[in-house]
Amino acid sequence: MSHPEPTSEPTSRPAAERTRGAGVWPLIHAERAALAADLAELTDEQWATPSLCTGLTVREVLAHLTAGASLNTVRWLAGVIRCRFDFDKQVAVRLAEQLGADPAETLTRFRRIVPSTTKPPLPAIAMLGETLVHGEDIRHPLGIRHAYPIDVVTRVAEYYQGSDMVVVARKRIEGLRLVAVDGPFTTGSGPVVSGPTIALVMAMTGRATYCDDLEGAGTEPLRARCGTA
C-alpha cells in the first residue's frame, strides 16, 4: 500500500484521539512480533514467493513494512518532495532502502522496528491496518495461518469500512452489507457478504482471493471490485 498525500486533518490532535492512538500501538507491536516469528525459518525460495501485493515478493512486502515504521512526517514529506509527489516512487525508494543485502538482513531490519512508534502522517489505526493486511499478503501465499485476536481485526475492519485514506475500502463496499461470522463487525446495507472478519478486511482492501472465504449475494460484486481503485 502506498502512503497518500496528507489529508486536511489538523496536525494538533485532540487529547482523546491521542489516547486512542496510544492504545493501538501495543497491538501493532504484538502483530509485528508475531509476523517476525512466523518468518524466522523461511528458505530463500520462500522469501522470493510472490505476495498478494502485485509485483512484490514476500521479502519486499516485509521491507515495505519496515520502511513505513521508519518514516516520520518530516522524512516522509522530504521523500515525497524528492520524488516530485510521485507517491508510488516514494514507496519504491523507501522499500529499496530497507531491503538489505539478503533475506536475513531484511528480517533483522524488520525486527528492529517491532517496538517503533514512528509513522508517516497517518493515524495509528492505519498503521495497524497496514500491519494486518500486509501480514496476510505475506502469510497467505506461504500457507501460514495466524490467529488474529478478534478485537484487533474488528478494530481494523471498523476503520476500513469508513475510510479510503490509505487504500480504497469504503468505496469498494458501497451498497453491500458486510457481516462477520466470528465477531461483532457489521456495516452497510444491501446484498450480504458474510465470513471471517479477516477475510472481510482483506476483501475490503482489494484482495480477491479472500472472497473464496466469503458467502452471500454480495460476494461476487465485491470480488469484481477487488483490484480496482
# chains A, B, ... in the order shown; residues from 1 in each chain; ligands from 1

$ residues_around --residues "range 197-202 of chain A" --least-positions-apart "2" --cutoff "7 Å" --atoms "only C-alpha atoms" --output "ChimeraX atom specification"
/A:133,153-154,157,180,182-183,195,204-207,210,213

$ closest_atom_pairs --of "range 106-220 of chain A" --to "range 41-60 of chain A" --cutoff "12 Å" --atoms "only C-alpha atoms" --output "CSV"
residue,atom,partner,partner_atom,distance
A:Thr106,CA,A:Arg59,CA,7.1
A:Leu107,CA,A:Arg59,CA,8.3
A:Thr108,CA,A:Arg59,CA,11.7
A:Arg109,CA,A:Arg59,CA,11.5
A:Phe110,CA,A:Arg59,CA,10.4
A:Val133,CA,A:Leu52,CA,9.7
A:His134,CA,A:Cys53,CA,8.1
A:Gly135,CA,A:Val58,CA,9.2
A:Glu136,CA,A:Leu52,CA,8.1
A:Asp137,CA,A:Leu52,CA,4.6
A:Ile138,CA,A:Val58,CA,5.0
A:Arg139,CA,A:Val58,CA,8.2
A:His140,CA,A:Leu52,CA,7.8
A:Pro141,CA,A:Ser51,CA,6.1
A:Leu142,CA,A:Gln46,CA,7.1
A:Gly143,CA,A:Gln46,CA,10.5
A:Ile144,CA,A:Leu42,CA,11.0
A:Met202,CA,A:Leu52,CA,10.2
A:Ala203,CA,A:Leu52,CA,11.7
A:Thr205,CA,A:Cys53,CA,11.0
A:Gly206,CA,A:Leu52,CA,9.8
A:Arg207,CA,A:Leu52,CA,7.2
A:Ala208,CA,A:Leu52,CA,9.5
A:Thr209,CA,A:Leu52,CA,8.8
A:Tyr210,CA,A:Leu52,CA,10.6

$ select_by_dssp --residues "range 89-210 of chain A" --states "strand (DSSP E or B)" --output "ChimeraX atom specification"
/A:177-180,186-187,192-195

$ atom_distance --atom1 "CA of Lys119 in chain A" --atom2 "CA of Pro149 in chain A"
23.0 Å

$ select_by_dssp --residues "range 53-226 of chain A" --states "alpha helix (DSSP H)" --output "ChimeraX atom specification"
/A:58-68,73-82,87-99,103-112,124-142,150-160,197-204,219-225

$ residues_around --residues "Leu128 in chain A" --least-positions-apart "3" --cutoff "8 Å" --atoms "only C-alpha atoms" --output "list in words"
Val24, Trp25, Leu27, Ile28, Ala124, Ile125, Thr131, Leu132 and Val156 of chain A

$ write_last_selection --atoms "N, CA and C atoms" --output "mmCIF file, in the first residue's frame"
data_model
loop_
_atom_site.group_PDB
_atom_site.id
_atom_site.type_symbol
_atom_site.label_atom_id
_atom_site.label_comp_id
_atom_site.auth_asym_id
_atom_site.auth_seq_id
_atom_site.Cartn_x
_atom_site.Cartn_y
_atom_site.Cartn_z
ATOM 1 N N VAL A 24 -3.487 1.775 20.482
ATOM 2 C CA VAL A 24 -3.307 0.942 19.300
ATOM 3 C C VAL A 24 -1.869 0.420 19.185
ATOM 4 N N TRP A 25 -0.906 1.169 19.669
ATOM 5 C CA TRP A 25 0.498 0.785 19.466
ATOM 6 C C TRP A 25 0.861 -0.581 20.042
ATOM 7 N N LEU A 27 -0.937 -3.140 20.139
ATOM 8 C CA LEU A 27 -1.489 -4.105 19.194
ATOM 9 C C LEU A 27 -0.599 -4.217 17.958
ATOM 10 N N ILE A 28 -0.118 -3.077 17.469
ATOM 11 C CA ILE A 28 0.795 -3.067 16.325
ATOM 12 C C ILE A 28 2.067 -3.829 16.667
ATOM 13 N N ALA A 124 -2.656 6.049 13.926
ATOM 14 C CA ALA A 124 -2.083 4.776 14.365
ATOM 15 C C ALA A 124 -2.921 3.595 13.900
ATOM 16 N N ILE A 125 -4.241 3.751 13.851
ATOM 17 C CA ILE A 125 -5.086 2.649 13.414
ATOM 18 C C ILE A 125 -4.787 2.256 11.971
ATOM 19 N N THR A 131 -0.241 -3.330 9.067
ATOM 20 C CA THR A 131 0.435 -4.486 9.637
ATOM 21 C C THR A 131 -0.363 -5.761 9.407
ATOM 22 N N LEU A 132 -1.671 -5.703 9.644
ATOM 23 C CA LEU A 132 -2.503 -6.885 9.434
ATOM 24 C C LEU A 132 -2.605 -7.258 7.961
ATOM 25 N N VAL A 156 -9.732 -3.012 12.988
ATOM 26 C CA VAL A 156 -9.237 -2.708 11.646
ATOM 27 C C VAL A 156 -10.401 -2.671 10.651
#

$ residues_around --residues "Arg223 in chain A" --least-positions-apart "2" --cutoff "8 Å" --atoms "only C-alpha atoms" --output "short mmCIF file (atom, residue, chain, number, x, y, z; two decimals) with N, CA, C and O atoms, in the first residue's frame"
data_model
loop_
_atom_site.label_atom_id
_atom_site.label_comp_id
_atom_site.auth_asym_id
_atom_site.auth_seq_id
_atom_site.Cartn_x
_atom_site.Cartn_y
_atom_site.Cartn_z
N ALA A 203 -10.76 -8.54 1.71
CA ALA A 203 -11.55 -8.25 0.52
C ALA A 203 -11.85 -6.77 0.41
O ALA A 203 -11.83 -6.19 -0.69
N ALA A 208 -8.79 -10.22 -3.83
CA ALA A 208 -9.90 -11.03 -4.35
C ALA A 208 -9.87 -12.46 -3.84
O ALA A 208 -10.92 -13.09 -3.67
N CYS A 211 -12.23 -13.59 -1.14
CA CYS A 211 -13.66 -13.76 -1.41
C CYS A 211 -14.02 -15.24 -1.44
O CYS A 211 -15.20 -15.59 -1.29
N THR A 219 -21.10 -11.27 -2.49
CA THR A 219 -19.71 -11.70 -2.61
C THR A 219 -19.14 -11.48 -4.00
O THR A 219 -18.03 -10.96 -4.15
N GLU A 220 -19.88 -11.87 -5.02
CA GLU A 220 -19.35 -11.72 -6.38
C GLU A 220 -19.23 -10.25 -6.80
O GLU A 220 -18.24 -9.87 -7.44
N PRO A 221 -20.20 -9.39 -6.45
CA PRO A 221 -19.97 -7.96 -6.72
C PRO A 221 -18.72 -7.42 -6.02
O PRO A 221 -17.97 -6.63 -6.60
N ARG A 225 -15.01 -5.92 -7.61
CA ARG A 225 -14.43 -4.62 -7.26
C ARG A 225 -13.01 -4.73 -6.74
O ARG A 225 -12.33 -3.71 -6.61
N CYS A 226 -12.58 -5.92 -6.40
CA CYS A 226 -11.21 -6.08 -5.89
C CYS A 226 -10.21 -5.79 -7.00
O CYS A 226 -10.41 -6.14 -8.16
#

$ closest_residue --among "A:Leu62, A:Arg32, A:Val166, A:Lys171" --to "Glu105 in chain A" --atoms "only C-alpha atoms"
A:Leu62

$ closest_residue --among "A:Ser70, A:Ser194, A:Ser189, A:Ser116" --to "Leu95 in chain A" --atoms "only C-alpha atoms"
A:Ser70

$ closest_residue --among "A:Ala147, A:Leu122, A:Ala217, A:Ala104" --to "Leu39 in chain A" --atoms "only C-alpha atoms"
A:Ala104

$ closest_residue --among "A:Thr66, A:Thr118, A:Gln98, A:Gln161" --to "Phe185 in chain A" --atoms "only C-alpha atoms"
A:Gln161

$ residues_around --residues "Thr187 in chain A" --least-positions-apart "3" --cutoff "8 Å" --atoms "only C-alpha atoms" --output "NGL selection string"
:A and (161 or 177-179)
